[in-house]
Structures are given as C-alpha cells and as structure tokens.
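A quick write-up on the structure given underneath.
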Amino acid sequence: MKVVFFLTLVCQWNNVFSGSISAPNFNDPLYPLQFHLNERYGVTMNIHKAWKKGLTGKGVTICVNDPAGVDKNHDDLSSKFVVEGSFDYKTNSSDPTPDSPALYDGPLSHGNDMAGLALAKANNGKCIVGVAYDAKFSGIKHMRGSSSDPSYPKRFAHLMQYAHHINDIYLCSFGLSSSPGYVEEPIKAALKNATEKGRGGKGSIYMFAAGNAGMFNASCGLDEYVTSVYTIAISVVTGKNVLSRQDEACPCIHAVTYARDLSLGLKYPHDRMPSSALQNKCKENSGASSGANAVAAGIIALVLQANPNLGWRDVQHLIARSSCSQFSSVQWNTNKAGFKYSVNFGFGLLDADALTTNAKNWTNVGQQLECFMALPNTPRRIDGVATITEVVDLSSWPSHCGGEGKKINFLEHVVLQFSLNFTFRANIEIEIESPGGSKSVLLRSGRYFDSLQEIKNLSVKSLQFWGEIPRGRWQIRLRNVKPDPKQNGTLYNWSVKLYGTASAPMAGNTVVASQIKINQTSTASPPTTNKSATSNFEQSSSSMFTRSTSLLTSTDPCTNKNSKPCGSASTKAPSLMIAALLLVFTLFGHIV
C-alpha cells in the first residue's frame with residue numbers, strides 16, 4: 001500500500017563555509033534542499049557567481065531528449081516550452097507528454113526530473129530552481145516499443161538531430177547496454193551532422209550521462225553514445241566529495257557535477273535532490289548520473305549565454321581548462337600537455353564561474369583534423385598468456401592523413417575501433433601509450449555481466465591525451481589480465497583515429513583556473529522537518545524495489561534495449577535490495 005506523507009526541510013544556515021557568497025532568495029519551496037545550488041552545505045560549483053553576472057540561460061534552448069518524454073504543462077516548465085523543437089517518436093507529433101503514469105514520481109517522470117534540474121522556472125512558488133532558470137526547453141519523446149522495428153535506425157537518427165537549428169543543447173540522460181552498446185551508423189551520422197551544422201553551423205551540444213552500474217564494475221567506455229567525439233559525458237561527485245557507488249569509470253568522461261548517490265538514504269541534505277514531477281507535483285529523490293547530466297546541461301546553457309558564438313569543440317576545450325580537479329578521493333594522472341585527468345571525474349568538477357568567465361572572450365579553436373591508422377597484421381590469434389603489442393610511428397605525418405599540411409599538433413580525442421573474440425573477454429584489456437609516455441586503458445578488464453559474444457567494430461574513446469603532440473611512436477597493447485593457457489581467441493581488426501587541430505587552441509585565449517576549494521571532509525548536518533511548508537510536495541514511502549517493479553512492464557522505457565532513463569527511483573531500500581535491482585536494470589541496459 002502506497003503511503004503518502006508531506007515533508008520538506010528547513011536548511012541550517014550556520015554551516016556556511018569560508019569564502020561562500022550570499023545565496024539568492026528564491027520563493028520556490030524545495031530550493032533550500034538543492035544542495036548542489038546551496039553553498040551553505042559546503043559544496044559549490046560557483047553557479048551563484050554566474051547568476052550574479054546575469055547569466056541565467058536566457059536565449060538558450062535545452063532539448064530534453066528522454067524515453068519517457070516531458071510534461072510541458074508543469075508550472076515549472078509551461079512558460080518555457082518551444083513546440084518547434086519538440087517531437088514524439090511514437091505519435092509523430094510535437095507533443096512530448098508522457099504516457100499515462102501510474103505514479104507521479106515513477107519512471108515516466110524521468111524527463112520532468114531532468115527538465116526541472118536543468119531549467120525549472122525561479123520564483124514561481126513551485127518546487128525547485130533550475131540551473132538555467134531563464135532557458136527555454138523542448139522535448140523529444142522516444143519510447144518506441146518493439147526493439148525489432150526495422151525502421152528504427154533511420155527514424156531514431158531523425159529524432160536525434162531533430163530541429164538542430166532550434167535546439168542548442170540536447171540533454172540525453174539515457175544509455176545503452178554496457179556489454180557492449182552499439183549505436184547504428186545512421187544515428188552516428190546524425191550526431192555528426194548536428195554537431196557540425198546545428199546552431200547555425202556552430203554545432204548543437206550533446207550531453208550524455210555516464211551511467212550508474214559502477215557497483216557492478218560496468219564501464220561507460222562500452223556505450224557508443226558516451227564514446228562519440230560529438231558528445232560530452234557527465235558523471236557524479238556526491239555532496240561528500242567522493243565517488244558515487246553507481247559511478248562508471250572510463251577515459252571518455254568529460255566532467256562531474258554534484259548529484260545524489262542513489263544507494264544512500266534520505267537522511268542528509270546531500271542525500272536529496274528534489275525536482276519537478278508529473279501531475280504538476282514535486283519530488284525529492286532524483287539524481288545519479290541522469291541528474292548530474294541535467295545540472296551540467298544547465299551550466300553549459302549559462303556558458304552559451306556568455307558567448308553564443310562558441311562551437312561544439314570550444315565547449316569541450318573550455319571544460320578541459322576550467323574544471324576543478326582538487327579532489328583527493330580519486331586518482332589523477334597528468335598527461336604530457338599538463339592536463340590532469342581521472343577516469344572517474346574526467347577533467348574535474350564543472351565550475352560555472354570559471355567556465356563563463358573563460359567563455360566570454362574565447363577565440364574559437366581551429367578546424368578539426370583527423371588521422372586514421374589501420375593497424376597491420378590482423379587477424380591474429382590471441383594467446384591466453386601473451387600480450388599483443390602494435391607500434392605505429394608517426395614521426396612523419398602520413399600522406400593519407402593529409403600530409404604535413406593537415407598535421408595534428410594538438411590532440412583532442414583518440415578513438416580505438418576493434419573486433420575480437422575471446423574465451424572470457426572480460427579479462428581482455430586494451431591500452432594505448434602516446435609518444436610522450438601517457439597511458440590510457442580504453443578497454444578495462446573485470447566487467448561484470450560481459451557476455452561471451454564477440455565484439456564487432458566497437459569504438460572506444462580516450463580524452464587522456466588532450467593537448468598532447470601526436471608525433472612519434474604510439475604503442476597499442478592487448479593483454480589478458482588473468483593469463484590462462486586454456487583461454488584463446490582472435491583479434492580480427494583494430495584501428496586508431498586521432499582528432500585534433502593544427503593551430504594552438506590557446507592562440508589568442510587566456511583562461512582563469514577554477515578557484516573552487518574542495519573540502520574533502522564535507523558533511524552537512526542532519527536537516528529538520530517542517531510539515532507546514534509542504535503544499536507543493538508529496539513523496540511515496542515505498543521501497544526502491546517495490547516501486548521499481550513497474551520498470552519491467554511493457555510501458556516502461558527501461559525495457560527498451562536502445563534507450564532507458566536513469567536515476568529516478570526512491571532509495572530507502574537496503575543495500576542488498578538496491579544491488580538486486582541494479583542487477584536487473586543492468587540486464588536490460590545501461591542504467592544512467
């Protein structure tokens with residue numbers, strides 16, 4: 001039996017950390033619970049400072065691309081809806097309203113969760129405040145039913161780039177199977193087209209959540225949405241400045257934002273992440289990498305308002321140079337170009353103040369160049385105890401990459417594509433070493449639920465070589481991390497593609513570094529309850545497991561192997577119950 005009770009929290013204002021600025025005085029009842037916006041909790045992304053500069057997302061349209069759709073009539077969203085940028089895959093209409101939900105805060109509320117976090121209207125006395133609270137939004141609903149639909153690739157490709165002349169940012173908090181997840185070629189072409197031609201040729205910005213199956217050692221590097229050079233992948237740092245238990249690791253995460261760890265209860269402020277819900281209601285339990293991605297989309301909207309002329313690659317360069325990497329809770333490596341990188345946190349925590357400051361006078365980077373290197377001597381046998389090493393010498397720039405006139409001097413993305421079969425492929429690890437000696441593991445070993453099927457032309461990406469000079473000897477290694485003579489397989493093919501620019505990205509640019517100071521022992525005090533301030537807020541007390549059984553019904557987007565939402569369930573269940581549920585989710589797809 002569903003138990004409904006009224007709850008809100010009154011924040012303790014006496015925990016202001018040194019250096020914080022006064023918080024804006026919004027009348028939205030759940031704004032005090034938004035720990036990622038309230039600097040009094042001891043964490044900050046400097047969003048207040050961006051707001052004080054007048055940057056609120058005005059003039060920017062965020063397209064909430066979600067399997068469930070978005071209820072455009074919610075009070076936090078209704079005045080912002082852009083019908084021309086919206087589409088429903090199922091009905092071929094411009095109305096992305098979700099199908100009839102059984103629960104206002106159930107899985108079909110996922111799109112509203114994301115829209116609210118990114119851009120909910122401020123000072124309307126309803127629910128929360130979005131990061132870009134003056135931004136407009138459109139909605140794309142793509143819960144499509146049967147996964148065997150033969151028209152799917154072309155239709156979904158149309159959807160992924162729909163209205164790219166209107167939609168500045170595509171907020172995509174859905175993912176693919178982590179064992180592994182392929183994106184069909186028409187969809188890849190659509191992403192490329194929209195990032196090259198969207199926004200009047202500057203490129204639409206695609207934001208993807210990095211995934212929530214980290215407790216099962218799943219890798220976001222197996223999701224070809226996340227590994228595309230045309231997307232920005234976002235993961236989670238919790239209010240305690242540590243990893244979320246759900247965080248997936250891979251070398252293609254761009255950054256993190258503060259969001260809720262779904263494995264935690266609802267005891268402390270940083271365990272809560274309220275948002276907008278269906279039926280014009282509010283909720284307190286959004287979060288995970290979906291929520292982190294929505295917050296990031298809002299921050300990028302502030303960046304595009306600061307400089308509407310930024311190209312899609314300019315945004316990626318700004319993230320690499322403006323993020324905070326002062327966390328001691330994860331391992332960092334510094335590459336030969338001086339960039340710090342973590343496979344958990346990417347380039348670090350998004351800093352809205354540094355990003356918008358650096359964006360304002362940013363000079364666009366030069367033309368994107370690419371170089372394809374097919375590695376020889378394949379197919380070949382993979383021995384159970386041996387390591388396969390391939391060396392590619394780029395001391396002289398190859399003619400098939402344009403010769404010296406098209407030589408990449410500053411790396412951006414490095415992409416490995418490969419096909420193989422192996423007795424137990426979760427033991428296979430693939431590492432690339434640059435001429436400067438930087439190393440990146442593009443295929444991690446130990447991936448739970450990785451099937452015995454062969455991998456066919458999977459693309460994996462690394463950002464760990466950002467800014468390096470690619471000239472010299474590259475080494476690509478494939479090894480079995482658990483040697484066993486009984487194991488064997490075949491490497492059918494592999495190739496490497498380098499992306500970058502000939503001209504220095506910093507030519508004509510100066511940047512300020514992030515000034516965020518990370519408190520590694522940050523703990524917010526337990527909140528108090530105030531039942532008199534609850535007119536807009538209801539919350540189910542059912543357990544995560546009980547409420548999430550609806551995820552396995554025919555109406556739920558999580559059953560769609562090609563897309564499913566992330567981070568929308570309550571988390572009052574015990575750890576074993578959560579683990580069991582995430583196991584079920586993982587079998588159906590990449591939980592984002």
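Lettering and numbering for the structure tokens are positional, with chains as A, B, ... in the shown order, residues counted from 1 in each chain, and ligands counted from 1 in the shown order.
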Using only C-alpha atoms, which residues sit within 12 Å of A:Gln279 once same-chain residues fewer than 6 positions away are excluded, as a PDB file with N, CA, C and O atoms, in the first residue's frame?
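Output saved as part_20.pdb:
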ATOM      1  N   VAL A  70       8.317  14.541 -21.679  1.00  0.00           N
ATOM      2  CA  VAL A  70       8.267  15.623 -20.691  1.00  0.00           C
ATOM      3  C   VAL A  70       6.853  16.188 -20.645  1.00  0.00           C
ATOM      4  O   VAL A  70       6.239  16.439 -21.690  1.00  0.00           O
ATOM      5  N   ASP A  71       6.351  16.409 -19.429  1.00  0.00           N
ATOM      6  CA  ASP A  71       5.050  17.057 -19.262  1.00  0.00           C
ATOM      7  C   ASP A  71       5.248  18.567 -19.366  1.00  0.00           C
ATOM      8  O   ASP A  71       5.684  19.212 -18.414  1.00  0.00           O
ATOM      9  N   LYS A  72       4.919  19.112 -20.493  1.00  0.00           N
ATOM     10  CA  LYS A  72       5.161  20.528 -20.768  1.00  0.00           C
ATOM     11  C   LYS A  72       4.255  21.449 -19.967  1.00  0.00           C
ATOM     12  O   LYS A  72       4.461  22.674 -19.952  1.00  0.00           O
ATOM     13  N   ASN A  73       3.226  20.902 -19.303  1.00  0.00           N
ATOM     14  CA  ASN A  73       2.250  21.725 -18.589  1.00  0.00           C
ATOM     15  C   ASN A  73       2.592  21.935 -17.116  1.00  0.00           C
ATOM     16  O   ASN A  73       1.833  22.594 -16.408  1.00  0.00           O
ATOM     17  N   HIS A  74       3.702  21.396 -16.665  1.00  0.00           N
ATOM     18  CA  HIS A  74       4.107  21.610 -15.276  1.00  0.00           C
ATOM     19  C   HIS A  74       4.380  23.096 -15.051  1.00  0.00           C
ATOM     20  O   HIS A  74       4.938  23.774 -15.912  1.00  0.00           O
ATOM     21  N   ASP A  75       4.013  23.611 -13.885  1.00  0.00           N
ATOM     22  CA  ASP A  75       4.179  25.037 -13.593  1.00  0.00           C
ATOM     23  C   ASP A  75       5.629  25.497 -13.704  1.00  0.00           C
ATOM     24  O   ASP A  75       5.888  26.666 -14.002  1.00  0.00           O
ATOM     25  N   ASP A  76       6.566  24.591 -13.447  1.00  0.00           N
ATOM     26  CA  ASP A  76       7.986  24.948 -13.552  1.00  0.00           C
ATOM     27  C   ASP A  76       8.464  25.038 -15.004  1.00  0.00           C
ATOM     28  O   ASP A  76       9.562  25.529 -15.265  1.00  0.00           O
ATOM     29  N   THR A  97       4.413  14.788 -24.249  1.00  0.00           N
ATOM     30  CA  THR A  97       3.820  14.430 -22.964  1.00  0.00           C
ATOM     31  C   THR A  97       3.939  12.920 -22.713  1.00  0.00           C
ATOM     32  O   THR A  97       3.635  12.117 -23.601  1.00  0.00           O
ATOM     33  N   PRO A  98       4.358  12.509 -21.511  1.00  0.00           N
ATOM     34  CA  PRO A  98       4.483  11.081 -21.209  1.00  0.00           C
ATOM     35  C   PRO A  98       3.139  10.364 -21.294  1.00  0.00           C
ATOM     36  O   PRO A  98       2.074  10.971 -21.173  1.00  0.00           O
ATOM     37  N   ASP A  99       3.209   9.036 -21.510  1.00  0.00           N
ATOM     38  CA  ASP A  99       2.008   8.225 -21.434  1.00  0.00           C
ATOM     39  C   ASP A  99       1.453   8.275 -20.014  1.00  0.00           C
ATOM     40  O   ASP A  99       2.145   8.669 -19.072  1.00  0.00           O
ATOM     41  N   SER A 100       0.211   7.860 -19.856  1.00  0.00           N
ATOM     42  CA  SER A 100      -0.457   7.948 -18.552  1.00  0.00           C
ATOM     43  C   SER A 100       0.366   7.240 -17.479  1.00  0.00           C
ATOM     44  O   SER A 100       0.555   6.018 -17.534  1.00  0.00           O
ATOM     45  N   PRO A 101       0.871   7.976 -16.505  1.00  0.00           N
ATOM     46  CA  PRO A 101       1.727   7.364 -15.481  1.00  0.00           C
ATOM     47  C   PRO A 101       0.915   6.782 -14.333  1.00  0.00           C
ATOM     48  O   PRO A 101      -0.136   7.304 -13.953  1.00  0.00           O
ATOM     49  N   ALA A 102       1.408   5.698 -13.762  1.00  0.00           N
ATOM     50  CA  ALA A 102       0.782   5.133 -12.576  1.00  0.00           C
ATOM     51  C   ALA A 102       1.208   5.903 -11.330  1.00  0.00           C
ATOM     52  O   ALA A 102       0.449   6.020 -10.366  1.00  0.00           O
ATOM     53  N   LEU A 103       2.419   6.416 -11.323  1.00  0.00           N
ATOM     54  CA  LEU A 103       2.967   7.170 -10.203  1.00  0.00           C
ATOM     55  C   LEU A 103       3.486   8.502 -10.704  1.00  0.00           C
ATOM     56  O   LEU A 103       4.188   8.554 -11.723  1.00  0.00           O
ATOM     57  N   TYR A 104       3.182   9.570  -9.986  1.00  0.00           N
ATOM     58  CA  TYR A 104       3.634  10.885 -10.435  1.00  0.00           C
ATOM     59  C   TYR A 104       5.152  10.987 -10.413  1.00  0.00           C
ATOM     60  O   TYR A 104       5.750  11.730 -11.186  1.00  0.00           O
ATOM     61  N   ASP A 105       5.795  10.230  -9.508  1.00  0.00           N
ATOM     62  CA  ASP A 105       7.255  10.261  -9.435  1.00  0.00           C
ATOM     63  C   ASP A 105       7.858   8.919  -9.851  1.00  0.00           C
ATOM     64  O   ASP A 105       8.955   8.561  -9.441  1.00  0.00           O
ATOM     65  N   GLY A 106       7.150   8.164 -10.677  1.00  0.00           N
ATOM     66  CA  GLY A 106       7.649   6.892 -11.180  1.00  0.00           C
ATOM     67  C   GLY A 106       8.574   7.078 -12.368  1.00  0.00           C
ATOM     68  O   GLY A 106       9.031   8.183 -12.669  1.00  0.00           O
ATOM     69  N   LEU A 108       8.131   7.232 -15.517  1.00  0.00           N
ATOM     70  CA  LEU A 108       7.716   8.132 -16.584  1.00  0.00           C
ATOM     71  C   LEU A 108       7.902   9.599 -16.218  1.00  0.00           C
ATOM     72  O   LEU A 108       7.699  10.481 -17.048  1.00  0.00           O
ATOM     73  N   SER A 109       8.320   9.855 -14.994  1.00  0.00           N
ATOM     74  CA  SER A 109       8.623  11.227 -14.565  1.00  0.00           C
ATOM     75  C   SER A 109      10.069  11.621 -14.868  1.00  0.00           C
ATOM     76  O   SER A 109      10.467  12.754 -14.595  1.00  0.00           O
ATOM     77  N   ASN A 112      10.750  14.868 -16.738  1.00  0.00           N
ATOM     78  CA  ASN A 112      10.453  16.052 -15.930  1.00  0.00           C
ATOM     79  C   ASN A 112      11.517  16.289 -14.866  1.00  0.00           C
ATOM     80  O   ASN A 112      11.863  17.436 -14.564  1.00  0.00           O
ATOM     81  N   ASN A 536       3.430  21.940  -1.937  1.00  0.00           N
ATOM     82  CA  ASN A 536       3.736  21.510  -3.302  1.00  0.00           C
ATOM     83  C   ASN A 536       4.499  20.199  -3.347  1.00  0.00           C
ATOM     84  O   ASN A 536       5.067  19.854  -4.377  1.00  0.00           O
ATOM     85  N   PHE A 537       4.554  19.480  -2.243  1.00  0.00           N
ATOM     86  CA  PHE A 537       5.489  18.356  -2.187  1.00  0.00           C
ATOM     87  C   PHE A 537       4.856  17.121  -1.585  1.00  0.00           C
ATOM     88  O   PHE A 537       4.334  17.156  -0.488  1.00  0.00           O
ATOM     89  N   GLU A 538       4.887  16.013  -2.336  1.00  0.00           N
ATOM     90  CA  GLU A 538       4.464  14.722  -1.812  1.00  0.00           C
ATOM     91  C   GLU A 538       5.538  13.708  -2.142  1.00  0.00           C
ATOM     92  O   GLU A 538       6.222  13.809  -3.142  1.00  0.00           O
TER      93      GLU A 538
END
### Query
Residues at most 10 Å from A:Pro251, counting only C-alpha atoms, excluding those fewer than 3 positions away in the same chain, as a list in words?
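Once the adjacent positions are removed, what remains is Ser219, Cys220, Gly221, Thr227, His254, Tyr341, Ser342, Val343, Asn344, Phe345, Gly346, Ser440, Val441, Leu442, Leu443, Arg444, Val460, Lys461, Ser462, Leu463, Gln464 and Phe465 of chain A.
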### Message
Taking only stretch 10-243 of chain A into account, list the residues labelled strand (DSSP E) by DSSP (computed from the backbone), as a PyMOL selection string.
### Response
chain A and resi 10+61-66+87-88+136-141+169-172+205-209+231-237
Stretch 378-495 of chain A residues near stretch 301-318 of chain A within 12 Å, closest pair each, using only C-alpha atoms, as a tab-separated table:
residue	atom	partner	partner_atom	distance
A:Phe410	CA	A:His317	CA	11.5
A:Leu411	CA	A:His317	CA	11.1
A:Glu412	CA	A:His317	CA	8.6
A:His413	CA	A:Gln316	CA	10.5
A:Leu463	CA	A:Gln316	CA	10.3
A:Trp466	CA	A:His317	CA	9.1
A:Gly467	CA	A:His317	CA	9.5
Please dump the current selection as a short mmCIF file (atom, residue, chain, number, x, y, z; two decimals), in the first residue's frame; keep all heavy atoms.
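Dumped to result07.cif:
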data_model
loop_
_atom_site.label_atom_id
_atom_site.label_comp_id
_atom_site.auth_asym_id
_atom_site.auth_seq_id
_atom_site.Cartn_x
_atom_site.Cartn_y
_atom_site.Cartn_z
N PHE A 410 47.91 19.35 -31.88
CA PHE A 410 47.31 19.38 -30.56
C PHE A 410 46.14 18.39 -30.55
O PHE A 410 45.13 18.61 -31.20
CB PHE A 410 46.82 20.79 -30.20
CG PHE A 410 47.91 21.82 -30.24
CD1 PHE A 410 48.18 22.52 -31.40
CD2 PHE A 410 48.69 22.07 -29.11
CE1 PHE A 410 49.18 23.47 -31.45
CE2 PHE A 410 49.71 23.02 -29.16
CZ PHE A 410 49.95 23.72 -30.33
N LEU A 411 46.33 17.31 -29.80
CA LEU A 411 45.33 16.24 -29.78
C LEU A 411 44.08 16.65 -29.00
O LEU A 411 44.13 17.43 -28.04
CB LEU A 411 45.89 14.99 -29.14
CG LEU A 411 46.72 14.06 -30.02
CD1 LEU A 411 47.37 12.98 -29.17
CD2 LEU A 411 45.85 13.44 -31.10
N GLU A 412 42.95 16.09 -29.43
CA GLU A 412 41.71 16.18 -28.68
C GLU A 412 41.26 14.76 -28.32
O GLU A 412 41.49 14.29 -27.22
CB GLU A 412 40.65 16.94 -29.49
CG GLU A 412 41.03 18.41 -29.70
CD GLU A 412 40.16 19.13 -30.71
OE1 GLU A 412 39.27 18.48 -31.31
OE2 GLU A 412 40.37 20.34 -30.90
N HIS A 413 40.62 14.07 -29.26
CA HIS A 413 40.11 12.73 -28.99
C HIS A 413 40.99 11.67 -29.66
O HIS A 413 41.50 11.86 -30.76
CB HIS A 413 38.69 12.57 -29.52
CG HIS A 413 37.76 13.68 -29.15
ND1 HIS A 413 37.59 14.80 -29.93
CD2 HIS A 413 36.95 13.84 -28.08
CE1 HIS A 413 36.72 15.61 -29.35
NE2 HIS A 413 36.32 15.05 -28.22
N LEU A 463 40.06 10.67 -23.61
CA LEU A 463 40.37 12.11 -23.54
C LEU A 463 41.68 12.36 -22.81
O LEU A 463 42.08 13.50 -22.63
CB LEU A 463 39.24 12.84 -22.81
CG LEU A 463 37.85 12.77 -23.41
CD1 LEU A 463 36.82 13.40 -22.48
CD2 LEU A 463 37.81 13.44 -24.77
N TRP A 466 44.57 14.68 -24.21
CA TRP A 466 44.15 16.02 -24.62
C TRP A 466 45.32 17.01 -24.60
O TRP A 466 46.03 17.14 -23.62
CB TRP A 466 43.05 16.52 -23.68
CG TRP A 466 42.26 17.67 -24.22
CD1 TRP A 466 42.57 18.99 -24.12
CD2 TRP A 466 41.03 17.61 -24.96
NE1 TRP A 466 41.61 19.76 -24.74
CE2 TRP A 466 40.66 18.94 -25.26
CE3 TRP A 466 40.21 16.56 -25.39
CZ2 TRP A 466 39.48 19.24 -25.97
CZ3 TRP A 466 39.06 16.87 -26.09
CH2 TRP A 466 38.71 18.19 -26.38
N GLY A 467 45.52 17.68 -25.74
CA GLY A 467 46.55 18.70 -25.83
C GLY A 467 47.94 18.20 -26.18
O GLY A 467 48.84 19.00 -26.47
#
## Note on the structure
Judged by only C-alpha atoms, the minimum distance to A:Ser328 among A:Val392, A:Cys250, A:Ile518, A:Ala277 is found for A:Ile518
### Message
Need the shell around stretch 510-516 of chain A: protein/DNA/RNA residues with any atom at most 10 Å away, counting only C-alpha atoms. Skip same-chain ones fewer than 6 positions apart. Format as a list in words?
### Response
Gly19, Val43, Thr44, Met45, Asn46, Leu318, Arg321, Ser322, Ser323, Cys324, Ser325, Gln326, Gly348, Leu349, Leu350, Asp351, Ala352, Asp353, Ala354, Leu355, Thr357, Asn358, Ala359, Asn361, Trp362 and Thr363 of chain A
Since we have the selection now, will you write its residues out, keeping N, CA and C atoms, as a compact mmCIF listing (two decimals), in the first residue's frame?
# COMPACT_ATOMS: atom_id res chain seq x y z
N GLY A 19 34.40 31.65 2.40
CA GLY A 19 34.52 32.09 1.01
C GLY A 19 33.22 32.05 0.25
N VAL A 43 29.54 22.74 -0.37
CA VAL A 43 29.95 22.39 -1.73
C VAL A 43 29.50 23.51 -2.67
N THR A 44 30.21 23.66 -3.78
CA THR A 44 29.84 24.70 -4.72
C THR A 44 30.32 24.35 -6.12
N MET A 45 29.57 24.80 -7.10
CA MET A 45 30.01 24.81 -8.50
C MET A 45 30.03 26.24 -9.02
N ASN A 46 30.00 27.21 -8.10
CA ASN A 46 30.05 28.63 -8.42
C ASN A 46 28.90 29.06 -9.34
N LEU A 318 36.85 24.35 -23.22
CA LEU A 318 36.62 25.13 -22.00
C LEU A 318 36.45 24.24 -20.78
N ARG A 321 39.80 23.05 -19.53
CA ARG A 321 40.67 24.06 -18.94
C ARG A 321 40.06 24.79 -17.75
N SER A 322 38.78 24.59 -17.48
CA SER A 322 38.10 25.39 -16.46
C SER A 322 37.58 24.58 -15.29
N SER A 323 37.76 23.27 -15.30
CA SER A 323 37.16 22.41 -14.27
C SER A 323 38.09 22.26 -13.07
N CYS A 324 37.51 21.89 -11.94
CA CYS A 324 38.25 21.75 -10.69
C CYS A 324 38.68 20.30 -10.49
N SER A 325 39.96 20.08 -10.34
CA SER A 325 40.49 18.72 -10.18
C SER A 325 41.16 18.54 -8.82
N GLN A 326 40.65 19.22 -7.79
CA GLN A 326 41.29 19.21 -6.48
C GLN A 326 40.76 18.13 -5.54
N GLY A 348 37.33 17.07 -14.16
CA GLY A 348 37.01 17.59 -12.84
C GLY A 348 35.60 18.11 -12.73
N LEU A 349 35.36 18.85 -11.68
CA LEU A 349 34.05 19.43 -11.37
C LEU A 349 33.82 20.68 -12.20
N LEU A 350 32.64 20.76 -12.84
CA LEU A 350 32.31 21.95 -13.61
C LEU A 350 32.24 23.17 -12.68
N ASP A 351 32.88 24.24 -13.09
CA ASP A 351 32.91 25.50 -12.35
C ASP A 351 32.21 26.54 -13.22
N ALA A 352 30.97 26.88 -12.87
CA ALA A 352 30.18 27.79 -13.71
C ALA A 352 30.82 29.16 -13.83
N ASP A 353 31.48 29.61 -12.77
CA ASP A 353 32.11 30.94 -12.82
C ASP A 353 33.31 30.93 -13.75
N ALA A 354 34.21 29.94 -13.59
CA ALA A 354 35.39 29.87 -14.46
C ALA A 354 34.99 29.63 -15.92
N LEU A 355 34.02 28.74 -16.12
CA LEU A 355 33.58 28.44 -17.48
C LEU A 355 33.04 29.67 -18.18
N THR A 357 33.43 32.87 -17.36
CA THR A 357 34.47 33.89 -17.48
C THR A 357 35.37 33.61 -18.67
N ASN A 358 35.81 32.36 -18.80
CA ASN A 358 36.70 32.00 -19.89
C ASN A 358 35.98 32.00 -21.24
N ALA A 359 34.68 31.71 -21.22
CA ALA A 359 33.91 31.66 -22.46
C ALA A 359 33.70 33.04 -23.07
N ASN A 361 35.32 35.78 -23.70
CA ASN A 361 36.22 36.33 -24.72
C ASN A 361 37.00 35.24 -25.45
N TRP A 362 36.43 34.05 -25.48
CA TRP A 362 37.13 32.90 -26.08
C TRP A 362 37.19 33.03 -27.60
N THR A 363 38.36 32.76 -28.15
CA THR A 363 38.54 32.71 -29.60
C THR A 363 38.37 31.27 -30.06
### Task
Run DSSP on the backbone and give me the residues of stretch 154-202 of chain A it puts in helix (DSSP H, G or I), as a list in words.
Lys154, Arg155, Phe156, Ala157, His158, Leu159, Met160, Glu185, Pro186, Ile187, Lys188, Ala189, Ala190, Leu191, Lys192, Asn193, Ala194, Thr195, Glu196, Lys197, Arg199, Gly200 and Gly201 of chain A
### Query
From the set A:Val330, A:Leu458, A:Ile300, A:Leu55, which residue has the shortest atom-to-atom contact distance to A:Asp247, counting only C-alpha atoms?
A:Val330
### Message
Please compute the atom CA of A:Gly405-atom CA of A:Ala502 distance, one decimal, in Å.
### Response
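So the two atoms, atom CA of A:Gly405 and atom CA of A:Ala502, lie 8.7 Å apart.
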### Task
Can you work out the spacing between atom CA of A:Leu243 and atom CA of A:Asn333 in Å, to one decimal?
16.8 Å
